[in-house]
Amino acid sequence: MRRPPTRRRWLAMPGWSRNAAGLIGLAVAVAALAGLRDPLASMADFTAALMALNQLAPPLLLLAIPRRVGWALFDPVLATAGFVALSVGVSLPGLLDPALANALYAAPLGLLELLTGIMFWGQFFARTRQVRAGWPAAALLWAGSLPMTAVAIVWMLADNVLYTPYLDVICRWNIPPLMDQRWAGFVMFVAGIPLQLAATYLMIGPRPALIS
């Protein structure tokens, strides 16, 4: 007697869709890296490019992995520590100001965003997760997403411009630097929502319902 398809089977992606996801993720990463060429044009635009590298491209690229891997890159402690460190570090004027003032620093920052995003999003997908139980994996995702959310809220609520390079330039959108900073915070806040939804899914969803 033929067994009914399980939910795990239902969530399995065909090869063509994995390839498509990988190509889209690669296109997003390339476009976002190109968007880092002029970091002083707009803080909101710069943040959007970084978030595309950190939150949009990684899950698409991870979907393209054809089989389960056990790479050290996806060690949960290493991934969480790297993601949190970059989320906090990118908000520090002493670290971000050089990247804003010199586009040569912006590209390495973008690559770090992409790498840590892949490492951290890897805690969600069945083919890269090393923590198999749903609750611990969800806790990691929640813990890692909170610093980024906190930075976004600080940017949105700050009464002054936090990064001095933006004080002496005209924003691409002809808005004051403080408003541009608040829009950047909003972009970061929205970009973090899918990660929190993924954590919630792991926490309350049935264990077999993993994307594989």
# chains A, B, ... in the order shown; residues from 1 in each chain; ligands from 1
$ residues_around --residues "stretch 96-108 of chain A" --least-positions-apart "2" --cutoff "12 Å" --atoms "only C-alpha atoms" --output "PyMOL selection string"
chain A and resi 29-30+32-43+46-47+49-50+53+86-94+110-115+162-169
$ write_last_selection --atoms "C-alpha atoms" --output "short mmCIF file (atom, residue, chain, number, x, y, z; two decimals), in the first residue's frame"
data_model
loop_
_atom_site.label_atom_id
_atom_site.label_comp_id
_atom_site.auth_asym_id
_atom_site.auth_seq_id
_atom_site.Cartn_x
_atom_site.Cartn_y
_atom_site.Cartn_z
CA ALA A 29 24.28 39.68 -3.65
CA VAL A 30 25.94 41.17 -6.74
CA ALA A 32 23.77 44.75 -3.24
CA LEU A 33 27.57 44.80 -3.43
CA ALA A 34 27.31 47.22 -6.34
CA GLY A 35 25.03 49.38 -4.20
CA LEU A 36 27.83 49.85 -1.67
CA ARG A 37 29.92 51.91 -4.07
CA ASP A 38 28.64 55.23 -2.72
CA PRO A 39 27.90 54.73 0.99
CA LEU A 40 27.50 58.46 1.66
CA ALA A 41 24.74 58.94 -0.92
CA SER A 42 22.14 57.76 1.57
CA MET A 43 22.35 55.92 4.87
CA PHE A 46 23.56 51.81 2.30
CA THR A 47 21.64 49.96 5.00
CA ALA A 49 22.30 47.05 0.52
CA LEU A 50 23.82 45.61 3.70
CA LEU A 53 23.50 40.87 1.73
CA LEU A 86 28.80 42.25 13.33
CA SER A 87 25.30 43.51 14.20
CA VAL A 88 26.70 45.41 17.17
CA GLY A 89 29.97 46.40 15.51
CA VAL A 90 28.32 47.94 12.47
CA SER A 91 26.48 50.34 14.77
CA LEU A 92 29.65 51.68 16.39
CA PRO A 93 30.74 55.00 14.84
CA GLY A 94 34.40 54.09 15.27
CA GLY A 110 29.41 43.85 2.67
CA LEU A 111 31.19 40.52 2.28
CA LEU A 112 31.22 40.08 6.06
CA GLU A 113 27.50 40.78 6.12
CA LEU A 114 26.96 38.11 3.47
CA LEU A 115 29.16 35.55 5.23
CA LEU A 162 25.14 59.25 15.00
CA TYR A 163 27.64 59.05 12.15
CA THR A 164 29.59 62.22 11.38
CA PRO A 165 30.29 61.53 7.66
CA TYR A 166 26.58 62.06 6.96
CA LEU A 167 26.61 65.54 8.47
CA ASP A 168 28.54 67.08 5.57
CA VAL A 169 26.77 65.53 2.58
#
$ residues_around --residues "A:Ser17" --least-positions-apart "2" --cutoff "12 Å" --atoms "only C-alpha atoms" --output "ChimeraX atom specification"
/A:11-15,19-24,60-61,63-66
$ atom_distance --atom1 "atom CA of A:Leu56" --atom2 "atom CA of A:Phe83"
14.6 Å
$ closest_residue --among "A:Ala184, A:Leu73, A:Phe125, A:Asn174" --to "A:Ala138" --atoms "only C-alpha atoms"
A:Phe125
$ residues_around --residues "A:Ala143" --least-positions-apart "4" --cutoff "10 Å" --atoms "only C-alpha atoms" --output "list in words"
Thr80, Val84, Ala137, Ala138, Ala139, Pro147, Met148, Gln196 and Ala199 of chain A
$ atom_distance --atom1 "atom CA of A:Trp142" --atom2 "atom CA of A:Ala48"
21.2 Å
$ atom_distance --atom1 "atom CA of A:Val131" --atom2 "atom CA of A:Trp16"
27.7 Å
$ closest_residue --among "A:Ala31, A:Ile193, A:Ala79, A:Met119" --to "A:Ser145" --atoms "only C-alpha atoms"
A:Ile193
$ residues_around --residues "A:Asp159" --least-positions-apart "5" --cutoff "10 Å" --atoms "only C-alpha atoms" --output "list in words"
Val154, Leu178, Met179 and Arg182 of chain A
$ residues_around --residues "A:Arg68" --least-positions-apart "3" --cutoff "9 Å" --atoms "only C-alpha atoms" --output "JSON list (two decimals) with all heavy atoms, in the first residue's frame"
[["chain", "number", "residue", "atom", "x", "y", "z"],
["A", 65, "ILE", "N", 21.64, 24.61, -1.78],
["A", 65, "ILE", "CA", 22.48, 23.49, -1.34],
["A", 65, "ILE", "C", 21.74, 22.18, -1.59],
["A", 65, "ILE", "O", 20.63, 21.99, -1.07],
["A", 65, "ILE", "CB", 22.85, 23.64, 0.14],
["A", 65, "ILE", "CG1", 23.72, 24.89, 0.34],
["A", 65, "ILE", "CG2", 23.58, 22.40, 0.64],
["A", 65, "ILE", "CD1", 24.11, 25.14, 1.79],
["A", 126, "ALA", "N", 17.25, 22.72, 7.22],
["A", 126, "ALA", "CA", 17.55, 21.35, 7.65],
["A", 126, "ALA", "C", 18.88, 20.86, 7.13],
["A", 126, "ALA", "O", 19.55, 20.06, 7.78],
["A", 126, "ALA", "CB", 16.42, 20.42, 7.20],
["A", 127, "ARG", "N", 19.30, 21.31, 5.97],
["A", 127, "ARG", "CA", 20.53, 20.79, 5.36],
["A", 127, "ARG", "C", 21.79, 21.39, 5.95],
["A", 127, "ARG", "O", 22.89, 20.91, 5.68],
["A", 127, "ARG", "CB", 20.49, 21.01, 3.85],
["A", 127, "ARG", "CG", 19.35, 20.24, 3.21],
["A", 127, "ARG", "CD", 19.33, 20.34, 1.71],
["A", 127, "ARG", "NE", 18.19, 19.60, 1.19],
["A", 127, "ARG", "CZ", 18.24, 18.76, 0.17],
["A", 127, "ARG", "NH1", 19.37, 18.52, -0.42],
["A", 127, "ARG", "NH2", 17.14, 18.16, -0.25],
["A", 128, "THR", "N", 21.65, 22.44, 6.72],
["A", 128, "THR", "CA", 22.83, 23.08, 7.30],
["A", 128, "THR", "C", 22.77, 23.18, 8.83],
["A", 128, "THR", "O", 23.79, 23.45, 9.46],
["A", 128, "THR", "CB", 23.00, 24.51, 6.73],
["A", 128, "THR", "OG1", 21.76, 25.22, 6.84],
["A", 128, "THR", "CG2", 23.42, 24.45, 5.28],
["A", 129, "ARG", "N", 21.61, 22.96, 9.41],
["A", 129, "ARG", "CA", 21.49, 23.06, 10.86],
["A", 129, "ARG", "C", 22.28, 21.96, 11.55],
["A", 129, "ARG", "O", 22.26, 20.81, 11.14],
["A", 129, "ARG", "CB", 20.02, 22.92, 11.28],
["A", 129, "ARG", "CG", 19.22, 24.18, 11.21],
["A", 129, "ARG", "CD", 17.77, 23.91, 11.51],
["A", 129, "ARG", "NE", 17.58, 23.31, 12.83],
["A", 129, "ARG", "CZ", 16.43, 22.77, 13.21],
["A", 129, "ARG", "NH1", 15.41, 22.71, 12.39],
["A", 129, "ARG", "NH2", 16.32, 22.27, 14.42],
["A", 212, "SER", "N", 13.94, 21.39, 3.35],
["A", 212, "SER", "CA", 15.11, 20.56, 3.09],
["A", 212, "SER", "C", 15.45, 20.58, 1.62],
["A", 212, "SER", "O", 14.81, 21.23, 0.84],
["A", 212, "SER", "CB", 14.84, 19.13, 3.56],
["A", 212, "SER", "OG", 13.74, 18.59, 2.87]]
